[in-house]
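Data first, discussion second: the structure below is written as structure tokens.
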Amino acid sequence: MLKSLEGFIEPGSEEERLVNELDFSRIPDHVAVIMDGNGRWAKKRDLPRVEGHRAGAKSVQEVIETSARLGIKVLTLYAFSKENWKRPKREIATLWRLLEDYLKKEDKVLVENNFRLRVVGQREDLPPAIRRELERVEELTRNNDKLQICLALNYGGRAEIVDAVKKALKDKSVNPDTLDEKIFSRYLYTAGIPDPDLLIRTSGEFRVSNFLLWQIAYSEIWITQDYWPDFRRKHLLQAIVDYQKRERRFGDIHPPR
Ligand code: IPE
Ligand code: IPE
Ligand code: MG
């Protein structure tokens with residue numbers, strides 16, 4: 001077992017069985033997660049939807065710690081979409097409050113663990129206090145390189161592509177004749193970040209809901225029926241074990257000549 005997992009995984013547990021199945025030379029570099037089902041988790045318990053969001057914070061913590069221990073380099077978490085503004089004002093206000101509390105409380109933990117926080121999305125339209133707090137923590141962690149946590153906030157995949165086109169058009173150094181996918185991707189919010197190898201969605205929905213449309217072109221997708229507040233280490237391990245059984249061909253034949 002990896003040193004970083006010793007004492008973290010209980011002997012004889014399902015997690016240990018899954019860890020033993022892992023090939024540590026093929027851990028995905030980038031895992032992206034659509035954290036869905038908070039509202040339904042709460043409804044099932046006769047609680048207000050916001051209680052689901054509160055409970056989901058524990059899953060966030062668990063997936064961050066497990067990712068770091070497994071050696072994942074980038075973890076992207078879909079936390080608020082551009083379309084989520086359609087929701088009741090009270091629910092939205094609670095989401096921002098939870099995020100603010102998280103940043104105020106966890107900033108030291110991010111620093112101690114050498115984690116870097118980065119926001120992807122239309123940050124200029126975030127509530128000003130939240131934006132300030134996010135940018136404070138981005139600045140505080142900018143040189144950290146253990147795990148990069150990308151928070152997708154006020155994020156829409158189509159909006160990202162349109163924003164990238166606008167930036168590219170304004171950039172005098174761009175030549176339309178030589179523009180290619182590699183150059184174009186430098187104008188996305190995710191500039192410099194490798195595409196996700198694995199995309200996880202909770203709550204059993206088989207859709208991408210406008211998440212990373214450009215970047216997930218060849219990501220492996222893993223979906224669990226469990227709601228986000230029930231997402232635990234074992235789910236991440238199951239997803240990676242499954243990922244490692246897939247054959248990624250990227251359009252080529254197998255075996256490549
Ligand atoms: C995901 O859970 C969290 C956000 C989208 C902010 P939901 O709030 O979408 O929960 P369901 O899908 O309604 O159960
Ligand atoms: C996707 O979940 C957005 C986030 C997880 C932040 P939604 O609950 O908004 O997606 P739909 O509406 O079910 O497609
Ligand atoms: Mg949902």
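Residue numbers start at 1 in each chain; chains themselves are named A, B, ... in the order of the structure tokens; ligands are numbered from 1 in the order shown.
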
Test item: residues at most 12 Å from Leu22 in chain A, only C-alpha atoms, excluding those fewer than 5 positions along its chain, as a PDB file with C-alpha atoms, in the first residue's frame:
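Just written: result.pdb:
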```
ATOM      1  CA  MET A   1       0.000   0.000   0.000  1.00  0.00           C
ATOM      2  CA  LEU A   2       1.080   3.586  -0.696  1.00  0.00           C
ATOM      3  CA  GLU A  15     -11.829   0.482   0.780  1.00  0.00           C
ATOM      4  CA  GLU A  16      -8.811  -1.721   1.412  1.00  0.00           C
ATOM      5  CA  ARG A  17     -10.084  -4.289  -1.079  1.00  0.00           C
ATOM      6  CA  ILE A  27      -4.021   6.938 -11.365  1.00  0.00           C
ATOM      7  CA  PRO A  28      -5.964   9.571 -13.358  1.00  0.00           C
ATOM      8  CA  LEU A  70      -4.064   8.845  -4.152  1.00  0.00           C
ATOM      9  CA  LEU A 236     -13.913   7.495  -5.606  1.00  0.00           C
ATOM     10  CA  LEU A 237     -11.983   4.227  -5.336  1.00  0.00           C
ATOM     11  CA  GLN A 238     -14.734   2.334  -7.208  1.00  0.00           C
ATOM     12  CA  ALA A 239     -14.674   4.964  -9.956  1.00  0.00           C
ATOM     13  CA  ILE A 240     -10.902   4.687 -10.375  1.00  0.00           C
ATOM     14  CA  VAL A 241     -10.902   0.877 -10.320  1.00  0.00           C
ATOM     15  CA  ASP A 242     -13.550   0.985 -13.070  1.00  0.00           C
ATOM     16  CA  TYR A 243     -11.615   3.666 -14.977  1.00  0.00           C
ATOM     17  CA  GLN A 244      -8.524   1.465 -14.970  1.00  0.00           C
ATOM     18  CA  LYS A 245     -10.468  -1.352 -16.645  1.00  0.00           C
TER      19      LYS A 245
END
```

Exercise. Residues within 10 Å of ligand 1 should be enumerated using only C-alpha atoms and all ligand atoms and returned as a PyMOL selection string.
Key: chain A and resi 34-44+49-50+52-53+56+78-81+83-85+87+91-92+95-96+153+202-205+209+227-229

Quiz item: Between CA of Gly121 in chain A and atom 5 (C, counted along the ligand's line) of ligand 2, what is the distance, to one decimal in Å?
Solution: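 Those two atoms sit 13.3 Å apart.
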
Tell me which protein, DNA and RNA residues are within 8 Å of Asp145 in chain A, counting only C-alpha atoms, leaving out same-chain ones fewer than 5 positions away, and put them as a compact mmCIF listing (two decimals) with C-alpha atoms, in the first residue's frame.
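Wrote it out as part-v6.txt, contents follow:
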```
# COMPACT_ATOMS: atom_id res chain seq x y z
CA ASN A 114 0.13 22.34 -0.23
CA PHE A 115 -3.21 22.48 -2.12
CA ARG A 116 -3.92 25.12 -4.71
```

Exercise. Could you jot down the CA of Tyr187 in chain A to CA of Glu133 in chain A separation for me, Å, one decimal place?
Key: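 So the two atoms, CA of Tyr187 in chain A and CA of Glu133 in chain A, lie 24.2 Å apart.
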
Quiz item: Which residue gives the smallest distance to Gln215 in chain A among A:Asp171, A:Glu160, A:Glu247, A:Glu10, with only C-alpha atoms counted?
Solution: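 When distances to Gln215 in chain A are compared using only C-alpha atoms, the smallest one comes from A:Glu160.
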
Quiz item: as a ChimeraX atom specification, which residues of range 2-215 of chain A does DSSP assign to strand (DSSP E or B)?
Solution: /A:30-34,74-81,115-120,147-155,198-201

For the residues in the current selection, export C-alpha atoms as a compact mmCIF listing (two decimals), in the first residue's frame.
```
# COMPACT_ATOMS: atom_id res chain seq x y z
CA HIS A 30 -7.45 14.92 -13.43
CA VAL A 31 -10.80 13.91 -11.94
CA ALA A 32 -13.86 16.12 -12.46
CA VAL A 33 -17.04 15.73 -10.41
CA ILE A 34 -20.63 16.82 -10.98
CA VAL A 74 -6.25 18.06 -10.39
CA LEU A 75 -9.74 17.78 -8.92
CA THR A 76 -12.46 19.87 -10.54
CA LEU A 77 -15.71 20.24 -8.61
CA TYR A 78 -18.88 21.55 -10.25
CA ALA A 79 -20.38 23.59 -7.43
CA PHE A 80 -22.61 26.18 -9.12
CA SER A 81 -23.68 26.41 -12.74
CA PHE A 115 -3.21 22.48 -2.12
CA ARG A 116 -3.92 25.12 -4.71
CA LEU A 117 -7.38 26.59 -5.23
CA ARG A 118 -8.47 27.89 -8.59
CA VAL A 119 -11.86 29.18 -9.76
CA VAL A 120 -13.23 28.35 -13.19
CA LEU A 147 -3.31 18.99 -5.52
CA GLN A 148 -5.01 21.63 -7.61
CA ILE A 149 -8.66 22.07 -6.68
CA CYS A 150 -10.65 23.78 -9.42
CA LEU A 151 -14.00 25.06 -8.23
CA ALA A 152 -16.47 25.53 -11.08
CA LEU A 153 -18.60 28.47 -9.99
CA ASN A 154 -21.06 30.39 -12.12
CA TYR A 155 -19.75 27.98 -14.72
CA LEU A 198 -12.35 10.75 -15.40
CA LEU A 199 -15.73 12.46 -15.00
CA ILE A 200 -17.89 11.40 -12.07
CA ARG A 201 -21.56 12.26 -11.63
```

Quiz item: Using only C-alpha atoms and all ligand atoms, which residue out of A:Val208, A:Pro256, A:Ile216, A:Lys108 lies closest to ligand 3?
Solution: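 So, comparing all the options, the nearest one is A:Val208.
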
Practice problem: Would you mind listing what lies within 8 Å of Arg232 in chain A as a list in words, with only C-alpha atoms counted and same-chain residues fewer than 4 positions away left out? | Solution: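 Answer for this query is Ser59, Glu62, Val63 and Leu236 of chain A.
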